[in-house]
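Student: See structure39.cif below, with mmCIF, C-alpha atoms and all ligand atoms; chains and numbers go by the auth columns.
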```cif
data_upload
#
loop_
_atom_site.group_PDB
_atom_site.id
_atom_site.type_symbol
_atom_site.label_atom_id
_atom_site.label_comp_id
_atom_site.label_asym_id
_atom_site.label_seq_id
_atom_site.Cartn_x
_atom_site.Cartn_y
_atom_site.Cartn_z
_atom_site.B_iso_or_equiv
_atom_site.auth_seq_id
_atom_site.auth_asym_id
ATOM 1 C CA MET A 1 111.109 117.266 158.804 0.00 1214 Z
ATOM 2 C CA ALA A 2 113.555 120.128 159.226 0.00 1215 Z
ATOM 3 C CA LYS A 3 116.681 118.106 158.337 0.00 1216 Z
ATOM 4 C CA ASN A 4 119.950 120.091 158.404 0.00 1217 Z
ATOM 5 C CA LEU A 5 118.205 123.194 159.701 0.00 1218 Z
ATOM 6 C CA ASN A 6 119.515 124.825 162.870 0.00 1219 Z
ATOM 7 C CA CYS A 7 117.315 126.055 165.669 0.00 1220 Z
ATOM 8 C CA LEU A 8 118.718 128.314 168.388 0.00 1221 Z
ATOM 9 C CA ILE A 9 116.658 128.710 171.567 0.00 1222 Z
ATOM 10 C CA SER A 10 117.169 130.638 174.799 0.00 1223 Z
ATOM 11 C CA ALA A 11 115.425 129.637 178.019 0.00 1224 Z
ATOM 12 C CA GLY A 12 115.162 130.453 181.704 0.00 1225 Z
ATOM 13 C CA PRO A 13 116.119 133.497 183.750 0.00 1226 Z
ATOM 14 C CA THR A 14 119.400 135.361 184.001 0.00 1227 Z
ATOM 15 C CA ARG A 15 121.165 136.250 187.249 0.00 1228 Z
ATOM 16 C CA GLU A 16 122.732 139.631 187.839 0.00 1229 Z
ATOM 17 C CA TRP A 17 125.116 139.404 190.761 0.00 1230 Z
ATOM 18 C CA ILE A 18 125.353 141.991 193.554 0.00 1231 Z
ATOM 19 C CA ASP A 19 128.051 140.134 195.507 0.00 1232 Z
ATOM 20 C CA PRO A 20 129.133 136.442 195.572 0.00 1233 Z
ATOM 21 C CA VAL A 21 125.954 135.357 197.413 0.00 1234 Z
ATOM 22 C CA ARG A 22 123.224 137.689 196.127 0.00 1235 Z
ATOM 23 C CA PHE A 23 121.713 138.299 192.732 0.00 1236 Z
ATOM 24 C CA ILE A 24 118.748 139.899 190.945 0.00 1237 Z
ATOM 25 C CA SER A 25 116.646 137.521 188.871 0.00 1238 Z
ATOM 26 C CA ASN A 26 113.039 136.544 188.057 0.00 1239 Z
ATOM 27 C CA PRO A 27 110.807 133.450 188.504 0.00 1240 Z
ATOM 28 C CA SER A 28 111.242 132.027 184.978 0.00 1241 Z
ATOM 29 C CA SER A 29 111.405 128.208 185.203 0.00 1242 Z
ATOM 30 C CA GLY A 30 112.683 127.603 181.658 0.00 1243 Z
ATOM 31 C CA LYS A 31 109.799 125.170 180.995 0.00 1244 Z
ATOM 32 C CA MET A 32 108.555 126.916 177.842 0.00 1245 Z
ATOM 33 C CA GLY A 33 112.035 127.185 176.319 0.00 1246 Z
ATOM 34 C CA TYR A 34 112.837 123.528 177.074 0.00 1247 Z
ATOM 35 C CA ALA A 35 109.481 122.440 175.600 0.00 1248 Z
ATOM 36 C CA LEU A 36 110.347 124.377 172.426 0.00 1249 Z
ATOM 37 C CA ALA A 37 113.790 122.760 172.311 0.00 1250 Z
ATOM 38 C CA LYS A 38 112.249 119.260 172.592 0.00 1251 Z
ATOM 39 C CA GLU A 39 109.741 120.062 169.854 0.00 1252 Z
ATOM 40 C CA ALA A 40 112.466 121.403 167.557 0.00 1253 Z
ATOM 41 C CA LYS A 41 114.479 118.199 168.073 0.00 1254 Z
ATOM 42 C CA LYS A 42 111.411 116.062 167.347 0.00 1255 Z
ATOM 43 C CA ARG A 43 110.985 117.927 164.064 0.00 1256 Z
ATOM 44 C CA GLY A 44 114.555 117.177 162.964 0.00 1257 Z
ATOM 45 C CA PHE A 45 116.278 120.493 163.733 0.00 1258 Z
ATOM 46 C CA VAL A 46 119.843 120.575 165.009 0.00 1259 Z
ATOM 47 C CA VAL A 47 119.147 122.335 168.308 0.00 1260 Z
ATOM 48 C CA ASN A 48 121.326 124.701 170.333 0.00 1261 Z
ATOM 49 C CA LEU A 49 119.840 125.660 173.675 0.00 1262 Z
ATOM 50 C CA VAL A 50 121.279 128.563 175.662 0.00 1263 Z
ATOM 51 C CA THR A 51 119.909 128.345 179.170 0.00 1264 Z
ATOM 52 C CA GLY A 52 119.976 130.360 182.341 0.00 1265 Z
ATOM 53 C CA PRO A 53 119.958 128.476 185.690 0.00 1266 Z
ATOM 54 C CA VAL A 54 116.933 126.129 185.824 0.00 1267 Z
ATOM 55 C CA SER A 55 116.200 122.795 187.461 0.00 1268 Z
ATOM 56 C CA ILE A 56 115.171 120.946 184.292 0.00 1269 Z
ATOM 57 C CA LYS A 57 117.230 118.008 183.022 0.00 1270 Z
ATOM 58 C CA ALA A 58 119.062 118.508 179.721 0.00 1271 Z
ATOM 59 C CA VAL A 59 117.359 117.026 176.684 0.00 1272 Z
ATOM 60 C CA ASP A 60 119.090 114.170 174.830 0.00 1273 Z
ATOM 61 C CA GLY A 61 120.504 115.123 171.453 0.00 1274 Z
ATOM 62 C CA ILE A 62 120.482 118.856 172.105 0.00 1275 Z
ATOM 63 C CA THR A 63 123.586 121.002 172.566 0.00 1276 Z
ATOM 64 C CA VAL A 64 123.170 122.935 175.801 0.00 1277 Z
ATOM 65 C CA LYS A 65 125.174 125.996 176.825 0.00 1278 Z
ATOM 66 C CA GLN A 66 124.637 127.034 180.438 0.00 1279 Z
ATOM 67 C CA VAL A 67 124.936 130.736 181.239 0.00 1280 Z
ATOM 68 C CA GLU A 68 124.122 132.966 184.192 0.00 1281 Z
ATOM 69 C CA THR A 69 124.225 136.650 183.314 0.00 1282 Z
ATOM 70 C CA ALA A 70 122.502 138.482 180.472 0.00 1283 Z
ATOM 71 C CA GLU A 71 125.913 139.337 179.037 0.00 1284 Z
ATOM 72 C CA GLU A 72 126.939 135.647 179.006 0.00 1285 Z
ATOM 73 C CA MET A 73 123.620 134.843 177.310 0.00 1286 Z
ATOM 74 C CA ARG A 74 124.194 137.584 174.726 0.00 1287 Z
ATOM 75 C CA ILE A 75 127.650 136.240 173.868 0.00 1288 Z
ATOM 76 C CA ALA A 76 126.357 132.640 173.542 0.00 1289 Z
ATOM 77 C CA MET A 77 123.433 133.730 171.338 0.00 1290 Z
ATOM 78 C CA ILE A 78 125.665 135.813 169.052 0.00 1291 Z
ATOM 79 C CA GLU A 79 128.172 132.935 168.763 0.00 1292 Z
ATOM 80 C CA ASN A 80 125.464 130.586 167.477 0.00 1293 Z
ATOM 81 C CA TYR A 81 123.328 133.081 165.540 0.00 1294 Z
ATOM 82 C CA ASP A 82 124.835 133.230 162.046 0.00 1295 Z
ATOM 83 C CA THR A 83 124.141 129.562 161.311 0.00 1296 Z
ATOM 84 C CA ALA A 84 120.681 129.488 162.915 0.00 1297 Z
ATOM 85 C CA ASP A 85 117.661 129.201 160.608 0.00 1298 Z
ATOM 86 C CA LEU A 86 115.110 129.582 163.383 0.00 1299 Z
ATOM 87 C CA VAL A 87 115.740 131.534 166.606 0.00 1300 Z
ATOM 88 C CA LEU A 88 113.353 131.479 169.573 0.00 1301 Z
ATOM 89 C CA MET A 89 114.317 133.978 172.269 0.00 1302 Z
ATOM 90 C CA CYS A 90 112.280 132.587 175.134 0.00 1303 Z
ATOM 91 C CA ALA A 91 114.569 133.553 178.040 0.00 1304 Z
ATOM 92 C CA ALA A 92 113.462 136.065 180.665 0.00 1305 Z
ATOM 93 C CA VAL A 93 116.504 138.298 180.421 0.00 1306 Z
ATOM 94 C CA SER A 94 117.114 140.804 183.236 0.00 1307 Z
ATOM 95 C CA ASP A 95 116.758 144.263 181.786 0.00 1308 Z
ATOM 96 C CA HIS A 96 119.232 145.724 184.298 0.00 1309 Z
ATOM 97 C CA ARG A 97 122.282 144.709 186.287 0.00 1310 Z
ATOM 98 C CA PRO A 98 124.032 146.269 189.272 0.00 1311 Z
ATOM 99 C CA LYS A 99 126.691 148.709 188.143 0.00 1312 Z
ATOM 100 C CA PHE A 100 129.213 147.164 190.545 0.00 1313 Z
ATOM 101 C CA LYS A 101 129.642 143.613 191.763 0.00 1314 Z
ATOM 102 C CA TRP A 102 131.394 143.310 195.137 0.00 1315 Z
ATOM 103 C CA HIS A 103 133.995 140.561 195.202 0.00 1316 Z
ATOM 104 C CA GLN A 104 133.429 139.835 198.893 0.00 1317 Z
ATOM 105 C CA LYS A 105 130.106 139.171 200.605 0.00 1318 Z
ATOM 106 C CA LYS A 106 128.661 142.441 201.901 0.00 1319 Z
ATOM 107 C CA LYS A 107 128.006 142.242 205.648 0.00 1320 Z
ATOM 108 C CA LYS A 108 124.449 142.944 206.777 0.00 1321 Z
ATOM 109 C CA ILE A 109 125.414 146.242 208.416 0.00 1322 Z
ATOM 110 C CA GLU A 110 127.363 147.501 205.408 0.00 1323 Z
ATOM 111 C CA PHE A 111 124.794 146.479 202.792 0.00 1324 Z
ATOM 112 C CA PRO A 112 123.984 149.575 200.681 0.00 1325 Z
ATOM 113 C CA LYS A 113 120.566 151.217 200.943 0.00 1326 Z
ATOM 114 C CA ASN A 114 120.557 151.801 197.196 0.00 1327 Z
ATOM 115 C CA ILE A 115 122.053 149.686 194.452 0.00 1328 Z
ATOM 116 C CA GLU A 116 122.863 151.517 191.249 0.00 1329 Z
ATOM 117 C CA MET A 117 121.544 149.639 188.225 0.00 1330 Z
ATOM 118 C CA ILE A 118 122.573 149.960 184.593 0.00 1331 Z
ATOM 119 C CA PRO A 119 120.703 148.589 181.543 0.00 1332 Z
ATOM 120 C CA ASN A 120 121.665 145.295 179.947 0.00 1333 Z
ATOM 121 C CA GLU A 121 121.870 145.197 176.206 0.00 1334 Z
ATOM 122 C CA ASP A 122 118.721 143.936 174.509 0.00 1335 Z
ATOM 123 C CA ILE A 123 119.904 140.639 173.005 0.00 1336 Z
ATOM 124 C CA LEU A 124 116.871 140.161 170.786 0.00 1337 Z
ATOM 125 C CA GLU A 125 117.103 143.675 169.384 0.00 1338 Z
ATOM 126 C CA GLN A 126 120.739 143.031 168.540 0.00 1339 Z
ATOM 127 C CA LEU A 127 119.804 139.759 166.780 0.00 1340 Z
ATOM 128 C CA GLY A 128 117.028 141.608 164.918 0.00 1341 Z
ATOM 129 C CA ARG A 129 119.540 144.137 163.568 0.00 1342 Z
ATOM 130 C CA LYS A 130 121.784 141.322 162.245 0.00 1343 Z
ATOM 131 C CA LYS A 131 118.948 139.201 160.834 0.00 1344 Z
ATOM 132 C CA LYS A 132 119.498 137.679 157.370 0.00 1345 Z
ATOM 133 C CA LYS A 133 116.783 136.844 154.829 0.00 1346 Z
ATOM 134 C CA PHE A 134 116.919 133.091 155.529 0.00 1347 Z
ATOM 135 C CA GLN A 135 116.429 133.534 159.302 0.00 1348 Z
ATOM 136 C CA THR A 136 113.188 133.502 161.266 0.00 1349 Z
ATOM 137 C CA LEU A 137 113.348 135.371 164.553 0.00 1350 Z
ATOM 138 C CA VAL A 138 110.776 134.851 167.290 0.00 1351 Z
ATOM 139 C CA GLY A 139 110.508 136.805 170.550 0.00 1352 Z
ATOM 140 C CA PHE A 140 108.340 136.558 173.631 0.00 1353 Z
ATOM 141 C CA ALA A 141 106.490 139.305 175.461 0.00 1354 Z
ATOM 142 C CA ALA A 142 105.499 138.728 179.083 0.00 1355 Z
ATOM 143 C CA GLU A 143 103.029 141.480 179.882 0.00 1356 Z
ATOM 144 C CA THR A 144 100.705 142.405 182.735 0.00 1357 Z
ATOM 145 C CA GLU A 145 98.725 145.109 180.847 0.00 1358 Z
ATOM 146 C CA ASN A 146 98.189 146.410 177.284 0.00 1359 Z
ATOM 147 C CA GLY A 147 99.521 143.065 176.048 0.00 1360 Z
ATOM 148 C CA ALA A 148 98.681 143.233 172.335 0.00 1361 Z
ATOM 149 C CA GLN A 149 99.825 146.821 172.009 0.00 1362 Z
ATOM 150 C CA ASN A 150 103.162 146.161 173.733 0.00 1363 Z
ATOM 151 C CA ALA A 151 103.749 142.919 171.837 0.00 1364 Z
ATOM 152 C CA LEU A 152 103.162 144.593 168.457 0.00 1365 Z
ATOM 153 C CA MET A 153 105.496 147.437 169.393 0.00 1366 Z
ATOM 154 C CA LYS A 154 108.249 144.933 170.299 0.00 1367 Z
ATOM 155 C CA LEU A 155 107.654 142.907 167.117 0.00 1368 Z
ATOM 156 C CA LYS A 156 108.429 146.012 165.076 0.00 1369 Z
ATOM 157 C CA LYS A 157 111.172 147.537 167.217 0.00 1370 Z
ATOM 158 C CA LYS A 158 113.148 144.283 167.431 0.00 1371 Z
ATOM 159 C CA ASN A 159 112.629 143.363 163.727 0.00 1372 Z
ATOM 160 C CA LEU A 160 110.955 140.034 164.599 0.00 1373 Z
ATOM 161 C CA ASP A 161 108.987 137.663 162.367 0.00 1374 Z
ATOM 162 C CA TRP A 162 106.786 136.504 165.256 0.00 1375 Z
ATOM 163 C CA ILE A 163 106.137 137.465 168.838 0.00 1376 Z
ATOM 164 C CA ALA A 164 104.446 135.240 171.440 0.00 1377 Z
ATOM 165 C CA LEU A 165 102.488 137.194 174.022 0.00 1378 Z
ATOM 166 C CA ASN A 166 101.698 135.805 177.447 0.00 1379 Z
ATOM 167 C CA ASP A 167 99.872 137.400 180.320 0.00 1380 Z
ATOM 168 C CA VAL A 168 102.041 137.059 183.427 0.00 1381 Z
ATOM 169 C CA SER A 169 99.477 138.749 185.683 0.00 1382 Z
ATOM 170 C CA ASN A 170 97.578 135.419 185.681 0.00 1383 Z
ATOM 171 C CA SER A 171 99.458 133.057 188.028 0.00 1384 Z
ATOM 172 C CA SER A 172 97.864 129.875 186.597 0.00 1385 Z
ATOM 173 C CA ILE A 173 99.830 130.443 183.374 0.00 1386 Z
ATOM 174 C CA GLY A 174 103.224 131.789 182.392 0.00 1387 Z
ATOM 175 C CA PHE A 175 106.162 132.035 184.822 0.00 1388 Z
ATOM 176 C CA ASN A 176 106.865 128.742 186.591 0.00 1389 Z
ATOM 177 C CA SER A 177 103.525 127.150 185.633 0.00 1390 Z
ATOM 178 C CA ASP A 178 103.258 123.930 183.549 0.00 1391 Z
ATOM 179 C CA PHE A 179 100.595 125.689 181.487 0.00 1392 Z
ATOM 180 C CA ASN A 180 100.402 128.752 179.337 0.00 1393 Z
ATOM 181 C CA GLU A 181 98.161 130.682 176.986 0.00 1394 Z
ATOM 182 C CA ILE A 182 99.758 132.439 174.036 0.00 1395 Z
ATOM 183 C CA THR A 183 98.758 134.912 171.361 0.00 1396 Z
ATOM 184 C CA LEU A 184 101.096 134.840 168.389 0.00 1397 Z
ATOM 185 C CA PHE A 185 101.484 137.903 166.157 0.00 1398 Z
ATOM 186 C CA SER A 186 103.407 137.815 162.876 0.00 1399 Z
ATOM 187 C CA SER A 187 105.096 140.703 161.098 0.00 1400 Z
ATOM 188 C CA GLY A 188 102.749 139.961 158.173 0.00 1401 Z
ATOM 189 C CA GLY A 189 99.699 140.709 160.333 0.00 1402 Z
ATOM 190 C CA LYS A 190 98.643 137.167 161.298 0.00 1403 Z
ATOM 191 C CA ILE A 191 97.192 136.692 164.782 0.00 1404 Z
ATOM 192 C CA ALA A 192 96.706 133.250 166.372 0.00 1405 Z
ATOM 193 C CA LYS A 193 95.284 132.623 169.812 0.00 1406 Z
ATOM 194 C CA LEU A 194 96.626 129.405 171.323 0.00 1407 Z
ATOM 195 C CA ALA A 195 94.259 128.418 174.113 0.00 1408 Z
ATOM 196 C CA PHE A 196 95.228 127.349 177.675 0.00 1409 Z
ATOM 197 C CA SER A 197 97.363 124.197 177.350 0.00 1410 Z
ATOM 198 C CA SER A 198 100.493 122.509 178.597 0.00 1411 Z
ATOM 199 C CA LYS A 199 103.709 124.191 177.503 0.00 1412 Z
ATOM 200 C CA GLU A 200 104.539 121.041 175.437 0.00 1413 Z
ATOM 201 C CA GLU A 201 101.263 121.300 173.524 0.00 1414 Z
ATOM 202 C CA LEU A 202 101.796 125.023 172.946 0.00 1415 Z
ATOM 203 C CA ALA A 203 105.319 124.368 171.671 0.00 1416 Z
ATOM 204 C CA THR A 204 103.843 121.941 169.099 0.00 1417 Z
ATOM 205 C CA GLN A 205 101.237 124.488 168.002 0.00 1418 Z
ATOM 206 C CA MET A 206 103.820 127.269 167.785 0.00 1419 Z
ATOM 207 C CA PHE A 207 106.053 125.193 165.493 0.00 1420 Z
ATOM 208 C CA GLU A 208 103.078 124.287 163.298 0.00 1421 Z
ATOM 209 C CA LEU A 209 102.234 127.952 162.782 0.00 1422 Z
ATOM 210 C CA ILE A 210 105.771 129.251 162.399 0.00 1423 Z
ATOM 211 C CA LEU A 211 106.875 126.543 159.944 0.00 1424 Z
ATOM 212 C CA LYS A 212 103.765 126.913 157.760 0.00 1425 Z
HETATM 213 O O1 LIG B . 111.210 144.246 175.887 0.00 1 D
HETATM 214 P P1 LIG B . 110.972 142.966 176.603 0.00 1 D
HETATM 215 O O2 LIG B . 112.017 142.646 177.607 0.00 1 D
HETATM 216 O O3 LIG B . 109.603 142.752 177.135 0.00 1 D
HETATM 217 O O4 LIG B . 111.088 141.904 175.399 0.00 1 D
HETATM 218 C C1 LIG B . 110.956 140.542 175.612 0.00 1 D
HETATM 219 C C2 LIG B . 111.760 139.796 174.583 0.00 1 D
HETATM 220 O O5 LIG B . 113.059 140.368 174.457 0.00 1 D
HETATM 221 C C3 LIG B . 111.972 138.352 174.973 0.00 1 D
HETATM 222 O O6 LIG B . 112.017 137.571 173.806 0.00 1 D
HETATM 223 C C4 LIG B . 113.328 138.400 175.690 0.00 1 D
HETATM 224 O O7 LIG B . 113.971 137.163 175.622 0.00 1 D
HETATM 225 C C5 LIG B . 114.067 139.465 174.911 0.00 1 D
HETATM 226 N N1 LIG B . 115.059 140.264 175.664 0.00 1 D
HETATM 227 C C6 LIG B . 116.386 140.203 175.307 0.00 1 D
HETATM 228 N N2 LIG B . 117.314 140.966 175.977 0.00 1 D
HETATM 229 C C7 LIG B . 116.948 141.763 176.989 0.00 1 D
HETATM 230 C C8 LIG B . 115.581 141.830 177.383 0.00 1 D
HETATM 231 C C9 LIG B . 114.664 141.062 176.699 0.00 1 D
HETATM 232 O O8 LIG B . 116.726 139.468 174.379 0.00 1 D
HETATM 233 N N3 LIG B . 117.876 142.481 177.634 0.00 1 D
#
```
As structure tokens, what does this structure read like?

Tutor:
Amino acid sequence: MAKNLNCLISAGPTREWIDPVRFISNPSSGKMGYALAKEAKKRGFVVNLVTGPVSIKAVDGITVKQVETAEEMRIAMIENYDTADLVLMCAAVSDHRPKFKWHQKKKKIEFPKNIEMIPNEDILEQLGRKKKKFQTLVGFAAETENGAQNALMKLKKKNLDWIALNDVSNSSIGFNSDFNEITLFSSGGKIAKLAFSSKEELATQMFELILK
């Protein structure tokens, strides 16, 4: 049991607002992140979950911080990072946001043909730069092609201990599905293929490997 250890998890999508009624987002359901949070709790961690908008009920005994934008998620992750022993960055963070947010709803006829986008900060990369010896940092890579190559590049670039790769080109797994298939890569060169399973079962297997 991981008594007195802290686990910080992010889950779900972020929303990047264009005006008060429109935003840019992605189909992340938050199911994988919530399954990880439940598993962490079961194993005795004190769990902090930072979640984008999802329709999953909060888990008993877990501290939940609800956020919408990538910037709100970044602030919440940084606030809870220094005391976290294990960090699982499972959220599907929007890489970009509109440069301007209109304060009034844009009428159909005045809606711009082009929306200028600017990059969001990479939260995980920022956490990787601040990582202390006692911390284990885990990222996710949702890829449609060259999965292993991209995942390994991100593992290194973001200074991670583990990265969990999933293939989002297959609609029976990944985004919004109850099931997933994961390949885990460690910075020490370990590779583990976790076969098609429910997200709960995969969360259990991920904790077993990471805590070994
Ligand atoms: O580079 P890519 O977006 O594919 O990396 C995915 C990983 O980085 C995920 O763990 C995701 O939560 C995290 N990420 C982040 N901040 C961003 C974009 C992605 O923390 N702005």

Student: Do you know which residues are within 9 Å of ligand LIG 1 (chain D) using all atoms listed in the file? Can you write them as number ranges by chain?

Tutor: Z: 1223-1224, 1283-1284, 1286-1287, 1301-1309, 1332-1340, 1351-1356, 1363-1364, 1367, 1371, 1376-1377

Student: In Å, rounded to a single decimal, give me how far atom CA of Z:Thr1357 is from atom CA of Z:Glu1329.

Tutor: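 Atom-to-atom, atom CA of Z:Glu1329 to atom CA of Z:Thr1357, that is 25.4 Å.
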
Student: Let me know the centre plus edge lengths, in Å and rounded to one decimal, of a box with edges along x, y and z that contains all listed atoms of stretch 1400-1418 of chain Z and is padded by 8 Å on every side, as lines of an AutoDock Vina configuration file.

Tutor:
```
center_x = 99.8
center_y = 130.9
center_z = 168.4
size_x = 27.1
size_y = 35.7
size_z = 36.4
```

Student: Rank Z:Asn1393, Z:Asn1219, Z:Asn1327, Z:Ser1241 by their smallest atom-to-atom distance to Z:Leu1299, using only C-alpha atoms, and report the top residue only.

Tutor: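 Among the listed residues, Z:Asn1219 lies closest to Z:Leu1299.
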
Student: Any chance you could work out the residue set of the PyMOL selection byres (((chain Z and resi 1417) around 10) and not hetatm) here, as an MDAnalysis selection string?

Tutor: chainID Z and resid 1248:1249 1251:1253 1255:1256 1412:1416 1418:1422

Student: What would the file look like if the residues just selected were written as a CSV table (one decimal), in the frame of the given file with C-alpha atoms?

Tutor:
```csv
chain,number,residue,atom,x,y,z
Z,1248,ALA,CA,109.5,122.4,175.6
Z,1249,LEU,CA,110.3,124.4,172.4
Z,1251,LYS,CA,112.2,119.3,172.6
Z,1252,GLU,CA,109.7,120.1,169.9
Z,1253,ALA,CA,112.5,121.4,167.6
Z,1255,LYS,CA,111.4,116.1,167.3
Z,1256,ARG,CA,111.0,117.9,164.1
Z,1412,LYS,CA,103.7,124.2,177.5
Z,1413,GLU,CA,104.5,121.0,175.4
Z,1414,GLU,CA,101.3,121.3,173.5
Z,1415,LEU,CA,101.8,125.0,172.9
Z,1416,ALA,CA,105.3,124.4,171.7
Z,1418,GLN,CA,101.2,124.5,168.0
Z,1419,MET,CA,103.8,127.3,167.8
Z,1420,PHE,CA,106.1,125.2,165.5
Z,1421,GLU,CA,103.1,124.3,163.3
Z,1422,LEU,CA,102.2,128.0,162.8
```

Student: Would you work out the distance separating atom CA of Z:Gly1243 from atom CA of Z:Asn1261, expressed in Å to one decimal?

Tutor: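 Taking atom CA of Z:Gly1243 and atom CA of Z:Asn1261, their separation equals 14.5 Å.
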
Student: I need the output of the PyMOL selection byres (((chain Z and resi 1278) around 7) and not hetatm) for this file as a list in words; which residues are they?

Tutor: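 Checked against the file, the PyMOL selection byres (((chain Z and resi 1278) around 7) and not hetatm) matches Leu1262, Val1263, Thr1264, Thr1276, Val1277, Gln1279 and Val1280 of chain Z.
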
Student: Nearest to Z:Met1290 among Z:Gly1265, Z:Ser1242, Z:Phe1324, Z:Leu1221, with distances taken over all atoms listed in the file: which residue is it?

Tutor: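 Counting all atoms listed in the file, the residue closest to Z:Met1290 is Z:Leu1221.
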
Student: Let me make sure I understand: among Z:Ile1423, Z:Glu1229, Z:Asp1374, Z:Met1214, which one has the smallest atom-to-atom distance to Z:Ile1331 if we use all atoms listed in the file?

Tutor: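 Among the listed residues, the smallest separation from Z:Ile1331 belongs to Z:Glu1229.
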
Student: Translate the PyMOL selection byres (((chain Z and resi 1295) around 12) and not hetatm), as applied to the file shown, into an explicit residue set as a PDB file with C-alpha atoms, in the coordinates of the input.

Tutor:
```pdb
ATOM      1  CA  ASN Z1219     119.515 124.825 162.870  1.00  0.00           C
ATOM      2  CA  CYS Z1220     117.315 126.055 165.669  1.00  0.00           C
ATOM      3  CA  LEU Z1221     118.718 128.314 168.388  1.00  0.00           C
ATOM      4  CA  ALA Z1289     126.357 132.640 173.542  1.00  0.00           C
ATOM      5  CA  MET Z1290     123.433 133.730 171.338  1.00  0.00           C
ATOM      6  CA  ILE Z1291     125.665 135.813 169.052  1.00  0.00           C
ATOM      7  CA  GLU Z1292     128.172 132.935 168.763  1.00  0.00           C
ATOM      8  CA  ASN Z1293     125.464 130.586 167.477  1.00  0.00           C
ATOM      9  CA  TYR Z1294     123.328 133.081 165.540  1.00  0.00           C
ATOM     10  CA  THR Z1296     124.141 129.562 161.311  1.00  0.00           C
ATOM     11  CA  ALA Z1297     120.681 129.488 162.915  1.00  0.00           C
ATOM     12  CA  ASP Z1298     117.661 129.201 160.608  1.00  0.00           C
ATOM     13  CA  LEU Z1299     115.110 129.582 163.383  1.00  0.00           C
ATOM     14  CA  VAL Z1300     115.740 131.534 166.606  1.00  0.00           C
ATOM     15  CA  LEU Z1340     119.804 139.759 166.780  1.00  0.00           C
ATOM     16  CA  GLY Z1341     117.028 141.608 164.918  1.00  0.00           C
ATOM     17  CA  LYS Z1343     121.784 141.322 162.245  1.00  0.00           C
ATOM     18  CA  LYS Z1344     118.948 139.201 160.834  1.00  0.00           C
ATOM     19  CA  LYS Z1345     119.498 137.679 157.370  1.00  0.00           C
ATOM     20  CA  LYS Z1346     116.783 136.844 154.829  1.00  0.00           C
ATOM     21  CA  PHE Z1347     116.919 133.091 155.529  1.00  0.00           C
ATOM     22  CA  GLN Z1348     116.429 133.534 159.302  1.00  0.00           C
ATOM     23  CA  THR Z1349     113.188 133.502 161.266  1.00  0.00           C
ATOM     24  CA  LEU Z1350     113.348 135.371 164.553  1.00  0.00           C
TER      25      LEU Z1350
END
```
